[in-house]
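One structure below.
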Amino acid sequence: MIDFFIPACYTDIKLFPVLIGMVRTLDHELYKIGSGDRMKRPVINIGLMGVGTVGTGVARVLLTEGDLLTSRTGIRFNLKTVVDLDWGRERELKFGEVKTSTNVEDIVNDPEIDIVVETIGGYEPAFTYISQALAARKHVITANKALVATKGRELFSRAKANGVNILFEASVGGGIPVIKGLREGLVANKILGLYGIVNGTSNYILTRMHQENLEFAEALREAQIKGFAEADPSLDISGVDAAHKLAILAALASGGLVDFHSIPVEGISAVTSFDINYAKSFGYVIKLLAVCRFAQNQVDLRVHPTLVPENHLLAAVNNELNAVFITGDLVGNTMFYGPGAGQNPTASAVVSDIIDLARDLLLKNGEFFSSLTINPEKILSLLPLGEISNRYYLRLYTRDQPGIFAQIAGVLGENNISISSVVQLEAHGEKEFVPIVLLTHEARENYFNNALKEIGKFDFIRPDILRLRLF
């Protein structure tokens with residue numbers, strides 16, 4: 001409200017409400033002039049590379065929700081140029097006055113474009129295009145988890161050398177703000193542990209096996225029919241996709257980088273409905289878990305199917321949803337939960353990065369802090385898998401002969417592994433293989449591997465031995 005001096009001769013009580021109304025009207029009009037008509041909103045120009053599923057979602061938000069973004073940030077976001085190799089196919093989204101091109105140089109060489117968004121996916125040409133944008137001193141946003149996990153050192157180094165930033169919120173957890181949570185919300189914490197269900201395909205398959213007693217192949221087919229699994233689901237069911245995301249989370253939690261190819265990875269294809277049901281009988285749910293634990297100057301990183309206690313928060317994360325359970329020294333336990341993929345959730349994460357970069361661009365003296373989260377020169381040392389201790393689930397099929405279990409237990413005992421629970425089913429016919437399922441107390445991984453090698457030499461045991469770890 002603007003202050004006005006009103007002479008005493010005009011302060012008749014009957015005229016006072018009229019005067020107040022006039023003042024309020026004038027004040028409102030002056031505010032409109034000052035904040036809207038005379039003060040131009042800062043404009044951030046954006047170039048988008050790739051308009052597949054994710055790119056289309058990002059473009060839709062920028063083109064249809066501009067007023068909302070401006071009202072919340074005070075910034076106008078202008079999608080200036082979109083590059084894609086195929087403009088012949090029909091698209092549900094109309095780009096209007098936005099420049100469309102097949103040449104990435106229309107983005108890279110445009111001095112007016114402030115932020116480049118890469119939603120192409122894969123290694124090439126995405127890596128080359130991002131590198132060109134960074135060399136042109138443009139800030140970059142990517143949803144490309146494989147690229148960040150395997151080429152992070154090169155990308156972060158190039159961004160740092162050119163005084164620009166690269167953000168990647170959409171690379172892990174879809175619409176879940178877990179990267180922003182680690183980078184900002186938990187910035188005062190030393191991260192003690194991090195456990196993630198970060199692949200929706202695998203989680204959907206295991207959920208359906210658990211809920212409907214389906215076998216792996218049946219659950220996979222259902223996931224493909226419903227669009228939760230690709231035609232070639234190998235990266236998902238093998239655990240590689242989860243490992244990409246784990247490498248990124250570990251980098252954020254520690255401030256350094258890890259050699260992605262050194263992360264031990266196991267997939268879910270060997271898990272059967274039999275294992276699901278026996279885990280359930282022991283009070284566990286099987287999940288594909290990405291594990292990050294810090295031990296002195298080393299980090300324990302791995303991806304594998306894991307028996308999670310049924311009363312743990314992660315056990316209730318079902319279907320295609322994702323979750324990351326984080327323990328910080330100050331905050332204690334916290335969990336980020338939500339949709340891990342899809343056009344709209346991923347677009348939400350990309351636009352969040354656009355907002356962050358826009359604010360960095362508008363800071364005085366061009367200062368920004370986001371890219372300083374990860375030091376590309378700091379390389380994390382991985383704790384060798386053999387030195388890690390776990391409890392184990394062991395499932396094997398044996399001939400129905402006397403003394404077999406005693407021999408198995410003997411091998412485990414010789415390798416310092418003690419049994420906590422065991423179930424041995426009866427045979428249904430002569431010489432038929434019968435299952436033995438057991439849980440162990442905590443033991444060193446290398447001891448357990450030695451025991452498995454010895455057990456595998458017995459001619460009364462089928463080769464399809466399954467070892468799972470307990471949470």
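In the structure tokens, chains take the letters A, B, ... in the order shown, each chain's residues start at 1, and ligands count up from 1 in the order shown.
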
Any idea what's packed within 12 Å of A:Glu97, counting only C-alpha atoms, ignoring anything in its chain fewer than 6 positions away? Could you give it as a CSV table (one decimal) with C-alpha atoms, in the first residue's frame?
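Written file, part_25.csv:
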chain,number,residue,atom,x,y,z
A,63,LEU,CA,4.7,-24.9,-24.1
A,78,ASN,CA,11.1,-19.9,-24.0
A,79,LEU,CA,11.5,-23.2,-25.9
A,80,LYS,CA,13.4,-21.7,-28.9
A,81,THR,CA,14.7,-24.7,-30.9
A,82,VAL,CA,14.0,-28.4,-31.0

I need the residues of stretch 36-139 of chain A that end up classed as alpha helix (DSSP H) by DSSP on the backbone, written out as a VMD selection string. chain A and resid 53 to 64 66 to 73 105 to 108 126 to 135

Kindly save the residues from that selection, with C-alpha atoms included, as a PDB file, in the first residue's frame.
ATOM      1  CA  THR A  53       8.691 -39.908 -25.100  1.00  0.00           C
ATOM      2  CA  VAL A  54      10.654 -37.832 -22.574  1.00  0.00           C
ATOM      3  CA  GLY A  55      11.443 -34.947 -24.925  1.00  0.00           C
ATOM      4  CA  THR A  56       7.785 -34.610 -25.889  1.00  0.00           C
ATOM      5  CA  GLY A  57       6.843 -34.457 -22.208  1.00  0.00           C
ATOM      6  CA  VAL A  58       9.396 -31.711 -21.538  1.00  0.00           C
ATOM      7  CA  ALA A  59       8.265 -29.702 -24.573  1.00  0.00           C
ATOM      8  CA  ARG A  60       4.616 -30.008 -23.530  1.00  0.00           C
ATOM      9  CA  VAL A  61       5.333 -28.595 -20.074  1.00  0.00           C
ATOM     10  CA  LEU A  62       7.323 -25.667 -21.471  1.00  0.00           C
ATOM     11  CA  LEU A  63       4.699 -24.868 -24.119  1.00  0.00           C
ATOM     12  CA  THR A  64       1.530 -25.307 -22.063  1.00  0.00           C
ATOM     13  CA  GLY A  66       4.615 -21.382 -19.109  1.00  0.00           C
ATOM     14  CA  ASP A  67       2.347 -19.119 -17.052  1.00  0.00           C
ATOM     15  CA  LEU A  68       2.501 -21.491 -14.093  1.00  0.00           C
ATOM     16  CA  LEU A  69       6.303 -21.648 -14.225  1.00  0.00           C
ATOM     17  CA  THR A  70       6.549 -17.865 -14.506  1.00  0.00           C
ATOM     18  CA  SER A  71       4.179 -17.306 -11.587  1.00  0.00           C
ATOM     19  CA  ARG A  72       6.328 -19.562  -9.403  1.00  0.00           C
ATOM     20  CA  THR A  73       9.760 -18.339 -10.491  1.00  0.00           C
ATOM     21  CA  GLU A 105      24.331 -27.022 -34.589  1.00  0.00           C
ATOM     22  CA  ASP A 106      21.167 -24.918 -34.659  1.00  0.00           C
ATOM     23  CA  ILE A 107      21.205 -25.299 -30.885  1.00  0.00           C
ATOM     24  CA  VAL A 108      24.913 -25.501 -30.127  1.00  0.00           C
ATOM     25  CA  ALA A 126      24.218 -38.046 -27.107  1.00  0.00           C
ATOM     26  CA  PHE A 127      27.754 -37.896 -25.672  1.00  0.00           C
ATOM     27  CA  THR A 128      29.089 -35.962 -28.665  1.00  0.00           C
ATOM     28  CA  TYR A 129      26.179 -33.511 -28.646  1.00  0.00           C
ATOM     29  CA  ILE A 130      26.444 -32.859 -24.912  1.00  0.00           C
ATOM     30  CA  SER A 131      30.201 -32.348 -25.221  1.00  0.00           C
ATOM     31  CA  GLN A 132      29.643 -29.822 -28.023  1.00  0.00           C
ATOM     32  CA  ALA A 133      27.103 -27.929 -25.947  1.00  0.00           C
ATOM     33  CA  LEU A 134      29.451 -27.785 -22.948  1.00  0.00           C
ATOM     34  CA  ALA A 135      32.298 -26.594 -25.170  1.00  0.00           C
TER      35      ALA A 135
END

Shell of 7 Å around stretch 324-326 of chain A, only C-alpha atoms, local chain residues under 4 positions omitted, as a list in words: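 In the requested form, the answer reads Gly193, Leu194, Tyr195, Gly196, Ile197, Asn333, Thr334, Met335, Phe336 and Tyr337 of chain A.
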
Please save C-alpha atoms of the selected residues as a compact mmCIF listing (two decimals), in the first residue's frame.
# COMPACT_ATOMS: atom_id res chain seq x y z
CA GLY A 193 23.86 -45.92 3.66
CA LEU A 194 21.63 -45.89 0.64
CA TYR A 195 19.36 -48.67 -0.61
CA GLY A 196 17.28 -48.33 -3.75
CA ILE A 197 14.57 -50.06 -5.72
CA ASN A 333 16.35 -42.74 8.03
CA THR A 334 14.36 -41.19 5.20
CA MET A 335 12.83 -42.52 2.00
CA PHE A 336 12.05 -41.03 -1.40
CA TYR A 337 9.18 -42.84 -3.14

Can you pull out the residues contacting stretch 149-164 of chain A? Cut-off 6 Å, using only C-alpha atoms, and skip same-chain residues under 5 positions away; I want them as an MDAnalysis selection string. chainID A and resid 134 137 139 244 247:248 260 376

Non-local contacts of A:Ile176 (12 Å; only C-alpha atoms; under 5 positions in same chain excluded) as a PyMOL selection string: chain A and resi 169-171+181-182+198+321-324+335-342+344-350+352

Separation of atom CA of A:Ile379 from atom CA of A:Gly239, in Å and rounded to one decimal: 22.7 Å

What is the atom CA of A:Ala253-atom CA of A:Ile166 distance in Å, reported with one decimal? 17.0 Å

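You can rank A:Leu357, A:Val331, A:Val258, A:Ile263 by their closest distance to A:Ile141 using only C-alpha atoms, and at the top of that list sits A:Leu357.
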
Can you list, as number ranges by chain, all residues belonging to stretch 68-300 of chain A that DSSP tags as strand (DSSP E)? A: 76-83, 99-101, 115-118, 139-142, 166-167, 191-197, 284-295, 298-300

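In this model, the gap between atom CA of A:Gly88 and atom CA of A:Thr119 comes to 18.7 Å.
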
Using only C-alpha atoms, the shortest atom-to-atom distance to A:Val423 among A:Asn318, A:Ser281, A:Ser269, A:Asn297 belongs to A:Ser281

Skipping near chain neighbours, those fewer than 5 positions away, what residues fall within 8 Å of A:Asn390 using only C-alpha atoms, listed as a ChimeraX atom specification? /A:441-445,469-470

Store the residues picked out above in a file with C-alpha atoms, as a compact mmCIF listing (two decimals), in the first residue's frame.
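Writing the result to out.txt gives the following:
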# COMPACT_ATOMS: atom_id res chain seq x y z
CA HIS A 441 24.03 -66.37 9.86
CA GLU A 442 26.32 -63.56 8.73
CA ALA A 443 29.39 -64.73 6.84
CA ARG A 444 32.10 -63.32 4.62
CA GLU A 445 31.32 -63.33 0.91
CA ARG A 469 21.58 -62.03 0.17
CA LEU A 470 19.51 -60.74 3.07

I need the residue nearest A:Ser234 from this list: A:Asn45, A:Gln424, A:Thr201, A:Thr373. Use only C-alpha atoms for the distance. A:Thr201

Any idea what's packed within 9 Å of stretch 202-219 of chain A, counting only C-alpha atoms, ignoring anything in its chain fewer than 4 positions away? Could you give it as JSON, numbers by chain? {"A": [197, 198, 223, 224, 228, 229, 236, 237, 238, 239, 267, 268, 269, 270, 271, 272, 273, 274, 276, 277, 280, 285, 286, 287, 288, 317, 318, 319, 320, 321, 322]}

Smallest atom-to-atom distance to A:Leu394: which of A:Val98, A:Ala406, A:Ile465, A:Leu412, using only C-alpha atoms?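 The answer is A:Ile465, which sits nearest to A:Leu394.
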